[in-house]
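Novice: Structure file query32.csv, CSV, C-alpha atoms, is pasted below:
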```csv
chain,number,residue,atom,x,y,z
S,1,MET,CA,125.2,93.4,60.7
S,2,ASN,CA,124.4,92.3,57.1
S,3,THR,CA,127.7,90.7,56.3
S,4,PHE,CA,128.9,87.1,57.0
S,5,GLY,CA,132.5,85.9,56.7
S,6,SER,CA,136.0,87.3,57.0
S,7,THR,CA,138.0,86.3,53.9
S,8,LEU,CA,134.9,85.3,51.9
S,9,ARG,CA,132.3,87.8,52.7
S,10,LEU,CA,128.6,87.7,51.8
S,11,THR,CA,126.5,90.9,52.3
S,12,THR,CA,122.8,90.5,51.7
S,13,PHE,CA,120.1,93.2,51.2
S,14,GLY,CA,116.4,93.4,50.6
S,15,GLU,CA,113.1,93.0,52.4
S,16,SER,CA,110.5,90.2,52.0
S,17,HIS,CA,108.0,92.5,50.2
S,18,GLY,CA,110.5,94.9,48.6
S,19,ALA,CA,111.4,94.9,44.9
S,20,ALA,CA,114.1,92.3,45.2
S,21,MET,CA,116.5,90.4,47.5
S,22,GLY,CA,120.2,90.5,46.7
S,23,GLY,CA,123.7,90.1,47.7
S,24,ILE,CA,127.4,90.7,47.1
S,25,LEU,CA,129.8,87.8,47.5
S,26,ASP,CA,133.4,89.1,47.8
S,27,GLY,CA,136.7,87.2,48.2
S,28,LEU,CA,136.2,84.4,45.6
S,29,PRO,CA,139.5,83.4,43.9
S,30,PRO,CA,139.6,84.2,40.2
S,31,GLY,CA,139.4,81.6,37.4
S,32,ILE,CA,137.0,79.1,39.2
S,33,GLY,CA,134.5,77.5,36.9
S,34,ILE,CA,130.8,77.8,38.0
S,35,SER,CA,127.7,76.2,36.6
S,36,LEU,CA,124.8,78.6,36.7
S,37,ARG,CA,122.4,75.7,36.1
S,38,GLU,CA,123.6,74.2,39.4
S,39,VAL,CA,122.8,77.6,41.0
S,40,ASP,CA,119.3,77.3,39.6
S,41,SER,CA,119.0,73.8,40.9
S,42,GLN,CA,119.9,74.8,44.4
S,43,MET,CA,117.4,77.7,44.3
S,44,ALA,CA,114.7,75.4,43.2
S,45,ARG,CA,115.2,73.3,46.3
S,46,ARG,CA,114.3,76.3,48.5
S,47,ARG,CA,111.6,77.8,46.2
S,48,PRO,CA,108.2,78.3,47.8
S,49,GLY,CA,104.8,77.6,46.3
S,50,TYR,CA,105.4,74.4,44.5
S,51,SER,CA,104.3,71.9,47.2
S,52,GLY,CA,101.2,71.6,49.5
S,53,MET,CA,103.5,71.5,52.5
S,54,THR,CA,105.2,74.9,51.9
S,55,SER,CA,104.1,78.5,51.7
S,56,GLN,CA,102.0,79.1,48.7
S,57,ARG,CA,103.9,82.3,47.8
S,58,ARG,CA,105.1,81.4,44.3
S,59,GLU,CA,108.4,82.9,43.4
S,60,PRO,CA,110.5,81.9,40.4
S,61,ASP,CA,113.7,82.8,42.4
S,62,ARG,CA,115.8,83.3,39.3
S,63,VAL,CA,119.2,84.7,40.1
S,64,GLU,CA,120.3,87.7,38.0
S,65,PHE,CA,124.1,88.1,38.2
S,66,LEU,CA,125.3,91.6,37.9
S,67,SER,CA,129.0,91.4,38.3
S,68,GLY,CA,131.9,89.1,39.1
S,69,LEU,CA,131.2,86.4,36.6
S,70,MET,CA,131.6,86.0,32.8
S,71,GLY,CA,130.4,83.2,30.6
S,72,LEU,CA,132.6,80.6,28.9
S,73,ASP,CA,132.2,79.8,25.2
S,74,ASN,CA,134.8,77.3,23.9
S,75,GLY,CA,137.3,78.6,26.4
S,76,ALA,CA,136.7,82.3,25.6
S,77,LEU,CA,135.2,84.8,28.1
S,78,VAL,CA,131.8,86.2,26.9
S,79,PRO,CA,129.1,88.3,28.6
S,80,LEU,CA,126.5,86.4,30.6
S,81,SER,CA,123.1,85.7,28.9
S,82,ASP,CA,119.9,84.0,29.9
S,83,THR,CA,121.2,80.8,28.4
S,84,THR,CA,124.6,80.8,30.0
S,85,ASP,CA,125.6,77.7,32.0
S,86,LYS,CA,129.3,77.7,32.3
S,87,ALA,CA,130.8,80.8,33.9
S,88,LEU,CA,134.1,81.8,35.4
S,89,THR,CA,134.8,83.9,38.5
S,90,LEU,CA,136.7,87.1,37.9
S,91,GLY,CA,138.0,87.5,41.4
S,92,THR,CA,135.9,90.7,41.8
S,93,PRO,CA,132.7,91.0,43.9
S,94,VAL,CA,129.9,88.8,42.6
S,95,GLY,CA,126.7,90.9,42.7
S,96,PHE,CA,123.3,89.4,42.2
S,97,ILE,CA,119.6,90.0,42.8
S,98,ILE,CA,116.5,87.8,43.0
S,99,ARG,CA,113.3,89.8,42.2
S,100,ASN,CA,110.2,89.5,44.4
S,101,THR,CA,107.4,88.8,42.0
S,102,ASP,CA,104.5,87.4,44.1
S,103,ARG,CA,104.1,90.0,46.8
S,104,ARG,CA,100.8,90.4,48.7
S,105,SER,CA,101.6,93.1,51.1
S,106,ALA,CA,98.0,93.8,51.9
S,107,ASP,CA,97.9,90.5,53.8
S,108,TYR,CA,100.0,92.3,56.5
S,109,ASP,CA,98.2,95.6,56.7
S,110,ALA,CA,96.2,94.5,59.8
S,111,LEU,CA,99.5,93.6,61.5
S,112,LYS,CA,101.1,97.0,61.0
S,113,ASP,CA,100.7,98.0,64.7
S,114,ILE,CA,100.6,94.5,66.3
S,115,TYR,CA,103.5,92.5,67.6
S,116,ARG,CA,103.3,88.9,66.4
S,117,PRO,CA,104.2,86.4,69.2
S,118,SER,CA,107.7,84.8,68.7
S,119,HIS,CA,108.4,87.0,65.7
S,120,ALA,CA,111.1,89.8,65.6
S,121,ASP,CA,108.5,92.6,65.5
S,122,PHE,CA,108.8,94.0,69.0
S,123,ALA,CA,112.6,93.5,69.4
S,124,TRP,CA,113.2,95.0,65.9
S,125,GLU,CA,111.3,98.2,66.8
S,126,ARG,CA,113.4,98.6,69.9
S,127,ARG,CA,116.6,98.1,68.0
S,128,PHE,CA,115.7,100.4,65.1
S,129,ASP,CA,114.1,103.3,67.0
S,130,GLY,CA,110.5,102.3,66.2
S,131,ILE,CA,111.0,101.7,62.5
S,132,ARG,CA,109.9,98.4,61.1
S,133,ASP,CA,108.8,97.0,57.7
S,134,TRP,CA,105.7,95.0,58.8
S,135,ARG,CA,105.2,93.4,55.3
S,136,GLY,CA,106.0,89.8,55.8
S,137,GLY,CA,108.6,90.5,58.5
S,138,GLY,CA,110.7,92.7,56.2
S,139,ARG,CA,114.3,91.9,56.6
S,140,SER,CA,113.7,89.4,59.4
S,141,SER,CA,111.6,87.2,57.1
S,142,GLY,CA,112.8,83.7,56.0
S,143,ARG,CA,112.7,85.2,52.5
S,144,GLU,CA,116.2,86.6,53.3
S,145,THR,CA,117.7,83.1,53.1
S,146,VAL,CA,117.2,83.1,49.3
S,147,CYS,CA,120.4,85.3,49.1
S,148,ARG,CA,122.3,82.7,51.2
S,149,VAL,CA,121.3,79.9,48.9
S,150,ALA,CA,122.4,81.8,45.8
S,151,ALA,CA,125.8,82.6,47.3
S,152,GLY,CA,126.2,79.2,48.9
S,153,ALA,CA,125.5,77.5,45.5
S,154,ILE,CA,128.7,79.1,44.3
S,155,ALA,CA,130.8,78.4,47.4
S,156,ARG,CA,129.8,74.7,47.4
S,157,GLN,CA,130.9,74.4,43.7
S,158,VAL,CA,134.3,75.7,44.6
S,159,LEU,CA,134.6,73.2,47.5
S,160,GLU,CA,133.3,70.3,45.3
S,161,GLN,CA,136.2,70.9,42.9
S,162,THR,CA,138.5,69.8,45.7
S,163,GLY,CA,136.4,66.7,46.6
S,164,VAL,CA,134.2,68.2,49.4
S,165,SER,CA,130.6,67.2,49.5
S,166,ILE,CA,127.9,68.7,51.7
S,167,ARG,CA,124.5,67.0,52.3
S,168,ALA,CA,121.7,67.9,54.8
S,169,VAL,CA,118.7,65.7,55.6
S,170,LEU,CA,115.7,66.0,57.9
S,171,THR,CA,116.1,63.7,60.9
S,172,ALA,CA,113.0,64.8,62.8
S,173,VAL,CA,109.8,66.6,62.2
S,174,GLY,CA,107.8,67.4,65.3
S,175,THR,CA,107.8,64.2,67.3
S,176,ALA,CA,108.4,62.0,64.3
S,177,THR,CA,111.8,60.6,63.6
S,178,ASP,CA,110.8,58.2,60.9
S,179,PRO,CA,111.1,59.9,57.5
S,180,ALA,CA,108.1,57.9,56.3
S,181,LEU,CA,106.0,59.9,58.8
S,182,PHE,CA,107.3,63.4,58.1
S,183,ALA,CA,104.7,64.3,55.4
S,184,ALA,CA,101.8,63.2,57.6
S,185,GLU,CA,103.2,65.1,60.5
S,186,ILE,CA,103.4,68.3,58.5
S,187,SER,CA,100.0,67.8,56.8
S,188,ARG,CA,98.3,67.2,60.1
S,189,ALA,CA,99.8,70.5,61.5
S,190,ALA,CA,98.7,72.4,58.5
S,191,GLU,CA,95.1,71.0,58.6
S,192,GLU,CA,94.9,72.1,62.3
S,193,ASN,CA,96.2,75.6,61.3
S,194,ASP,CA,99.3,74.9,63.3
S,195,SER,CA,103.0,74.3,62.6
S,196,VAL,CA,105.8,71.9,63.6
S,197,GLY,CA,109.6,72.2,64.0
S,198,GLY,CA,112.3,69.9,62.9
S,199,ILE,CA,115.9,68.8,63.1
S,200,VAL,CA,118.3,69.0,60.2
S,201,GLU,CA,121.5,67.0,60.1
S,202,CYS,CA,124.4,68.0,57.9
S,203,ARG,CA,127.3,65.8,56.8
S,204,ILE,CA,130.4,67.1,55.1
S,205,GLN,CA,132.9,64.7,53.5
S,206,GLY,CA,136.3,65.3,52.0
S,207,PHE,CA,137.1,68.5,54.0
S,208,PRO,CA,140.9,68.5,54.6
S,209,ALA,CA,142.5,68.3,58.0
S,210,GLY,CA,144.1,71.3,59.5
S,211,ILE,CA,141.5,74.0,58.8
S,212,GLY,CA,140.4,76.2,61.7
S,213,ASP,CA,141.9,78.2,64.6
S,214,PRO,CA,142.3,76.7,68.1
S,215,VAL,CA,141.1,79.5,70.2
S,216,PHE,CA,138.6,82.1,69.0
S,217,GLY,CA,138.2,81.0,65.4
S,218,LYS,CA,137.3,77.3,66.0
S,219,LEU,CA,135.8,75.6,63.0
S,220,GLN,CA,132.7,74.5,65.0
S,221,GLN,CA,132.4,78.1,66.2
S,222,ARG,CA,132.2,79.3,62.6
S,223,LEU,CA,129.7,76.6,61.7
S,224,ALA,CA,127.6,77.4,64.8
S,225,ALA,CA,127.6,81.1,63.9
S,226,ALA,CA,126.6,80.3,60.4
S,227,MET,CA,123.7,78.1,61.5
S,228,LEU,CA,122.5,80.3,64.3
S,229,SER,CA,122.3,83.3,61.9
S,230,ILE,CA,119.4,81.5,60.2
S,231,GLY,CA,116.3,83.1,61.6
S,232,ALA,CA,114.3,80.0,62.7
S,233,VAL,CA,117.3,78.1,64.3
S,234,LYS,CA,117.2,77.5,68.0
S,235,GLY,CA,119.9,75.0,68.6
S,236,PHE,CA,123.2,73.7,67.2
S,237,GLU,CA,125.4,70.6,68.1
S,238,TYR,CA,128.2,68.9,66.4
S,239,GLY,CA,129.6,65.4,66.8
S,240,ASP,CA,127.7,63.6,69.5
S,241,GLY,CA,126.6,67.0,70.8
S,242,PHE,CA,124.6,67.0,74.1
S,243,ALA,CA,124.5,63.2,74.2
S,244,ILE,CA,128.3,63.1,74.9
S,245,ALA,CA,127.6,64.6,78.4
S,246,ALA,CA,126.1,61.3,79.5
S,247,MET,CA,129.1,59.3,78.2
S,248,ARG,CA,132.3,58.2,80.0
S,249,GLY,CA,135.6,59.5,78.6
S,250,SER,CA,136.5,56.0,77.7
S,251,GLU,CA,133.4,55.8,75.5
S,252,ALA,CA,133.7,59.2,73.9
S,253,ALA,CA,137.4,58.8,72.9
S,254,ASP,CA,138.1,58.7,69.2
S,255,ARG,CA,140.9,56.2,69.3
S,256,MET,CA,143.5,56.4,66.6
S,257,ARG,CA,145.8,53.8,64.8
S,258,ALA,CA,148.3,53.8,61.9
S,259,GLU,CA,147.3,51.8,58.9
S,260,ASN,CA,149.4,51.6,55.7
S,261,GLY,CA,151.2,54.8,56.7
S,262,ARG,CA,148.0,56.8,57.3
S,263,LEU,CA,146.3,57.8,60.5
S,264,LYS,CA,142.8,56.3,61.1
S,265,PHE,CA,140.1,57.0,63.6
S,266,SER,CA,138.0,54.2,65.1
S,267,SER,CA,135.1,56.5,65.8
S,268,ASN,CA,133.9,60.0,65.2
S,269,HIS,CA,132.4,61.3,68.4
S,270,SER,CA,134.1,64.6,67.8
S,271,GLY,CA,132.2,65.2,64.5
S,272,GLY,CA,135.3,65.7,62.4
S,273,ILE,CA,136.6,68.6,64.5
S,274,GLN,CA,139.1,68.5,67.4
S,275,GLY,CA,140.7,71.5,69.1
S,276,GLY,CA,138.7,73.7,66.8
S,277,ILE,CA,140.5,72.3,63.8
S,278,SER,CA,139.3,69.8,61.2
S,279,ASN,CA,140.8,66.4,61.5
S,280,GLY,CA,139.9,65.0,58.1
S,281,GLU,CA,137.0,62.9,59.3
S,282,GLU,CA,133.4,63.5,58.3
S,283,ILE,CA,132.1,66.8,59.8
S,284,VAL,CA,128.7,66.2,61.3
S,285,PHE,CA,126.3,68.7,63.0
S,286,ARG,CA,122.6,69.1,63.7
S,287,VAL,CA,120.4,72.2,63.7
S,288,ALA,CA,117.1,72.6,65.5
S,289,PHE,CA,114.4,74.7,63.8
S,290,LYS,CA,111.5,76.1,65.7
S,291,PRO,CA,107.8,75.7,64.6
S,292,THR,CA,106.7,78.5,62.3
S,293,PRO,CA,105.5,81.2,64.8
S,294,THR,CA,102.6,82.3,62.5
S,295,VAL,CA,99.7,80.0,63.1
S,296,GLY,CA,95.9,80.2,62.6
S,297,TRP,CA,95.2,79.9,66.3
S,298,PRO,CA,94.1,82.9,68.4
S,299,LEU,CA,97.2,84.2,70.3
S,300,GLU,CA,97.4,86.8,73.0
S,301,THR,CA,99.7,89.7,72.2
S,302,VAL,CA,99.8,93.5,72.4
S,303,ASN,CA,99.9,96.4,69.9
S,304,ARG,CA,102.2,99.4,69.7
S,305,ASN,CA,100.0,101.3,72.1
S,306,LEU,CA,100.6,98.5,74.6
S,307,GLU,CA,96.9,97.4,74.5
S,308,ASN,CA,96.1,93.7,74.9
S,309,VAL,CA,94.8,92.2,71.7
S,310,THR,CA,94.2,88.7,70.3
S,311,LEU,CA,95.8,87.9,67.0
S,312,ARG,CA,94.5,85.3,64.6
S,313,ALA,CA,97.0,85.4,61.7
S,314,SER,CA,96.3,84.7,58.0
S,315,GLY,CA,98.5,84.7,54.9
S,316,ARG,CA,100.9,82.3,53.3
S,317,HIS,CA,103.2,80.5,55.7
S,318,ASP,CA,105.2,77.2,55.9
S,319,PRO,CA,103.7,74.7,58.3
S,320,CYS,CA,107.3,73.4,58.8
S,321,VAL,CA,110.2,75.8,57.9
S,322,ALA,CA,112.7,72.9,58.4
S,323,LEU,CA,111.4,71.3,55.2
S,324,ARG,CA,112.8,74.1,53.0
S,325,ALA,CA,115.8,74.7,55.2
S,326,LEU,CA,118.0,71.9,53.8
S,327,PRO,CA,119.6,74.0,51.0
S,328,VAL,CA,119.9,76.9,53.4
S,329,VAL,CA,121.9,74.8,55.9
S,330,GLU,CA,124.1,73.4,53.1
S,331,ALA,CA,124.6,76.9,51.7
S,332,MET,CA,125.7,78.4,55.1
S,333,ALA,CA,128.0,75.4,55.7
S,334,ALA,CA,129.6,75.9,52.3
S,335,LEU,CA,130.1,79.6,53.0
S,336,ALA,CA,131.6,79.0,56.5
S,337,LEU,CA,133.9,76.2,55.3
S,338,LEU,CA,135.2,78.1,52.2
S,339,ASP,CA,135.7,81.2,54.3
S,340,ALA,CA,137.8,79.2,56.8
S,341,ALA,CA,139.7,77.4,54.1
S,342,LEU,CA,140.6,80.6,52.2
S,343,GLY,CA,141.5,82.4,55.5
S,344,ASP,CA,143.9,79.6,56.3
S,345,GLY,CA,145.6,79.9,52.9
S,346,MET,CA,144.0,77.0,51.1
S,347,LYS,CA,144.6,77.4,47.4
S,348,PHE,CA,142.1,76.7,44.7
S,349,ALA,CA,143.4,76.0,41.2
S,350,PRO,CA,141.8,77.9,38.3
S,351,SER,CA,139.5,75.8,36.1
S,352,LYS,CA,140.8,74.7,32.7
S,353,ARG,CA,139.2,76.9,30.0
```
Could you quickly redo this structure as structure tokens?
Specialist:
Amino acid sequence: MNTFGSTLRLTTFGESHGAAMGGILDGLPPGIGISLREVDSQMARRRPGYSGMTSQRREPDRVEFLSGLMGLDNGALVPLSDTTDKALTLGTPVGFIIRNTDRRSADYDALKDIYRPSHADFAWERRFDGIRDWRGGGRSSGRETVCRVAAGAIARQVLEQTGVSIRAVLTAVGTATDPALFAAEISRAAEENDSVGGIVECRIQGFPAGIGDPVFGKLQQRLAAAMLSIGAVKGFEYGDGFAIAAMRGSEAADRMRAENGRLKFSSNHSGGIQGGISNGEEIVFRVAFKPTPTVGWPLETVNRNLENVTLRASGRHDPCVALRALPVVEAMAALALLDAALGDGMKFAPSKR
């Protein structure tokens, strides 16, 4: 399946070493003001090749919008141009592409018939009748997340206009939990031709109470599905997560009181969601990212003829995928929350032109 969402639907397409990545975002209300510069800003946070701690594939990641948006010039609708910042949603599908400009497909020629350990290669061939794009992982590559960030940059702006803020931070890299040590942990892994995983925590403030369904459409279920759709994610927890299993009920209870005619919580062990529905408190969740599976160490594997071989990979890879995952986590959170809000009938006022 290449589509995420029910009311707000994102369909992505493209392979890592194809001509372009792209998507169609359908279900946006009409008349919502969007800053294309802010979209560029979010894309820059994910962009590879501009840090010694990320993949050296250098992609400009410029989003080309094909439909669903028009520019604003003194309140009048005008066609989009390369200099457009302010745009307005038309209520029609937003189509976009991001061109792949720094492809080195030859780096993967030697891997055409080899299954890389902990990658999707073997499982992908079984699913698609032996057909697989081996160039950089094809559709299973982390490159696919560029489409999510582009669409999420729009969704988060819609939410921001209602006072919702979304922020993700790294809370662990490998065994390090002190942010001051993260860079050294990643650099050490890279110097040793290895990789490390990490944990990303996301906090959402200002999301209204009453969004989510109590049985099979729980808000945490939507968020979990969004996060677990990210290729490198291996775990999801919200609120106190797994730690709550070691607590007593008296400790884990989010006690309530009335204060100046408003309901207040004394704690937030529930992570802003109770009974599958937002309660107005800060929504908090954490996502675990695995170490990048492609490393410079010799790894035992097999080829398509089921012959035992040893793989020593080369090419351009992130020593820690969690480092560039922050905007991806935020984007998927924005898409999941806006989808839930629109599905539950939340209205978004058109921007003043």
Novice: Using all atoms listed in the file, can you tell me which of S:Ala340, S:Ala155, S:Ile166, S:Leu335 comes closest to S:Glu282?
Specialist: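 Result for the nearest residue to S:Glu282: S:Ile166.
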Novice: Taking into account all atoms listed in the file, which residue in the set S:Asp82, S:Asp240, S:Asp254, S:Asp26 is nearest to S:Ser67?
Specialist: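 Closest residue, counting all atoms listed in the file: S:Asp26.
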Novice: Could you check which of S:Ser165, S:Thr292, S:Thr145, S:Ser278 is closest to S:Phe13, using all atoms listed in the file?
Specialist: S:Thr145
Novice: Which residue gives the smallest distance to S:Lys352 among S:Phe182, S:Gly142, S:Gly91, S:Gln161, with all atoms listed in the file counted?
Specialist: S:Gln161
Novice: Give me, as a list in words, all polymer residues having an atom no more than 12 Å from S:Leu342, counting only C-alpha atoms and skipping those fewer than 4 positions away in the same chain.
Specialist: Gly5, Ser6, Thr7, Leu8, Arg9, Asp26, Gly27, Leu28, Pro29, Ala155, Val158, Leu159, Ile211, Gly212, Ala334, Leu335, Ala336, Leu337, Leu338, Met346, Lys347 and Phe348 of chain S
Novice: Go through S:Gly280, S:Gly68, S:Gly33, S:Gly239 and flag the residue nearest S:Phe96, using all atoms listed in the file for the distances.
Specialist: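 The shortest atom-to-atom distance to S:Phe96 comes from S:Gly68.
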Novice: Could you list as a PDB file with C-alpha atoms, in the frame of the given file every residue that has an atom within 9 Å of (105.2, 97.5, 72.2), using the file's coordinates and counting all atoms listed in the file?
Specialist:
```pdb
ATOM      1  CA  ASP S 113     100.700  98.000  64.700  1.00  0.00           C
ATOM      2  CA  ILE S 114     100.600  94.500  66.300  1.00  0.00           C
ATOM      3  CA  TYR S 115     103.500  92.500  67.600  1.00  0.00           C
ATOM      4  CA  ASP S 121     108.500  92.600  65.500  1.00  0.00           C
ATOM      5  CA  PHE S 122     108.800  94.000  69.000  1.00  0.00           C
ATOM      6  CA  ALA S 123     112.600  93.500  69.400  1.00  0.00           C
ATOM      7  CA  GLU S 125     111.300  98.200  66.800  1.00  0.00           C
ATOM      8  CA  ARG S 126     113.400  98.600  69.900  1.00  0.00           C
ATOM      9  CA  VAL S 302      99.800  93.500  72.400  1.00  0.00           C
ATOM     10  CA  ASN S 303      99.900  96.400  69.900  1.00  0.00           C
ATOM     11  CA  ARG S 304     102.200  99.400  69.700  1.00  0.00           C
ATOM     12  CA  ASN S 305     100.000 101.300  72.100  1.00  0.00           C
ATOM     13  CA  LEU S 306     100.600  98.500  74.600  1.00  0.00           C
ATOM     14  CA  GLU S 307      96.900  97.400  74.500  1.00  0.00           C
TER      15      GLU S 307
END
```
Novice: What lies within 6 Å of S:Asp194 using all atoms listed in the file, ignoring chain neighbours under 3 positions off, as a list in words?
Specialist: Ala189, Ala190 and Val295 of chain S
Novice: With distances taken over only C-alpha atoms, which residue among S:Ala44, S:Leu69, S:Val200, S:Leu228 lies nearest S:Ala168?
Specialist: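 Among S:Ala44, S:Leu69, S:Val200, S:Leu228, it is S:Val200 that comes nearest to S:Ala168.
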Novice: To one decimal in Å, tell me the separation between atom CA of S:Thr12 and atom CA of S:Gly197.
Specialist: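 Separating atom CA of S:Thr12 from atom CA of S:Gly197 is a distance of 25.7 Å.
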Novice: Take atom CA of S:Gly138 and atom CA of S:Arg46 and report the distance between them in Å, one decimal.
Specialist: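 Calculated distance between atom CA of S:Gly138 and atom CA of S:Arg46 is 18.5 Å.
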Novice: Residues near S:Leu219, anyone? I mean within 12 Å using only C-alpha atoms, not counting same-chain ones fewer than 6 positions away, as a PDB file with C-alpha atoms, in the frame of the given file.
Specialist:
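Once everything was written out, this is out17.pdb:
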```pdb
ATOM      1  CA  PHE S 207     137.100  68.500  54.000  1.00  0.00           C
ATOM      2  CA  ALA S 209     142.500  68.300  58.000  1.00  0.00           C
ATOM      3  CA  GLY S 210     144.100  71.300  59.500  1.00  0.00           C
ATOM      4  CA  ILE S 211     141.500  74.000  58.800  1.00  0.00           C
ATOM      5  CA  GLY S 212     140.400  76.200  61.700  1.00  0.00           C
ATOM      6  CA  ASP S 213     141.900  78.200  64.600  1.00  0.00           C
ATOM      7  CA  ALA S 225     127.600  81.100  63.900  1.00  0.00           C
ATOM      8  CA  ALA S 226     126.600  80.300  60.400  1.00  0.00           C
ATOM      9  CA  TYR S 238     128.200  68.900  66.400  1.00  0.00           C
ATOM     10  CA  GLY S 271     132.200  65.200  64.500  1.00  0.00           C
ATOM     11  CA  GLY S 272     135.300  65.700  62.400  1.00  0.00           C
ATOM     12  CA  ILE S 273     136.600  68.600  64.500  1.00  0.00           C
ATOM     13  CA  GLN S 274     139.100  68.500  67.400  1.00  0.00           C
ATOM     14  CA  GLY S 275     140.700  71.500  69.100  1.00  0.00           C
ATOM     15  CA  GLY S 276     138.700  73.700  66.800  1.00  0.00           C
ATOM     16  CA  ILE S 277     140.500  72.300  63.800  1.00  0.00           C
ATOM     17  CA  SER S 278     139.300  69.800  61.200  1.00  0.00           C
ATOM     18  CA  ASN S 279     140.800  66.400  61.500  1.00  0.00           C
ATOM     19  CA  ILE S 283     132.100  66.800  59.800  1.00  0.00           C
ATOM     20  CA  VAL S 284     128.700  66.200  61.300  1.00  0.00           C
ATOM     21  CA  PHE S 285     126.300  68.700  63.000  1.00  0.00           C
ATOM     22  CA  ALA S 333     128.000  75.400  55.700  1.00  0.00           C
ATOM     23  CA  ALA S 336     131.600  79.000  56.500  1.00  0.00           C
ATOM     24  CA  LEU S 337     133.900  76.200  55.300  1.00  0.00           C
ATOM     25  CA  LEU S 338     135.200  78.100  52.200  1.00  0.00           C
ATOM     26  CA  ASP S 339     135.700  81.200  54.300  1.00  0.00           C
ATOM     27  CA  ALA S 340     137.800  79.200  56.800  1.00  0.00           C
ATOM     28  CA  ALA S 341     139.700  77.400  54.100  1.00  0.00           C
ATOM     29  CA  GLY S 343     141.500  82.400  55.500  1.00  0.00           C
ATOM     30  CA  ASP S 344     143.900  79.600  56.300  1.00  0.00           C
TER      31      ASP S 344
END
```
Novice: Excluding S:Lys112 and its own-chain neighbours fewer than 4 positions away, which residues fall within 8 Å of it when counting only C-alpha atoms? Please give them as a PyMOL selection string.
Specialist: chain S and resi 108+134-135
Novice: For stretch 308-325 of chain S, find every residue with an atom within 8 Å (counting all atoms listed in the file), except residues of its own chain fewer than 3 positions away, and show them as a PyMOL selection string.
Specialist: chain S and resi 45-47+53-57+107-108+116+170+173+186-187+189-190+194-200+232+289-292+294-303+328-329
Novice: Scan for residues within 6 Å of the point (117.3, 73.3, 64.5) in the coordinates of the file, using only C-alpha atoms, and reply as a list in words.
Specialist: Ile199, Val233, Lys234, Gly235, Val287, Ala288 and Phe289 of chain S
Novice: Can you measure atom CA of S:Arg156 to atom CA of S:Leu90 for me? One decimal in Å is fine.
Specialist: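 Pair atom CA of S:Arg156 / atom CA of S:Leu90 returns 17.1 Å.
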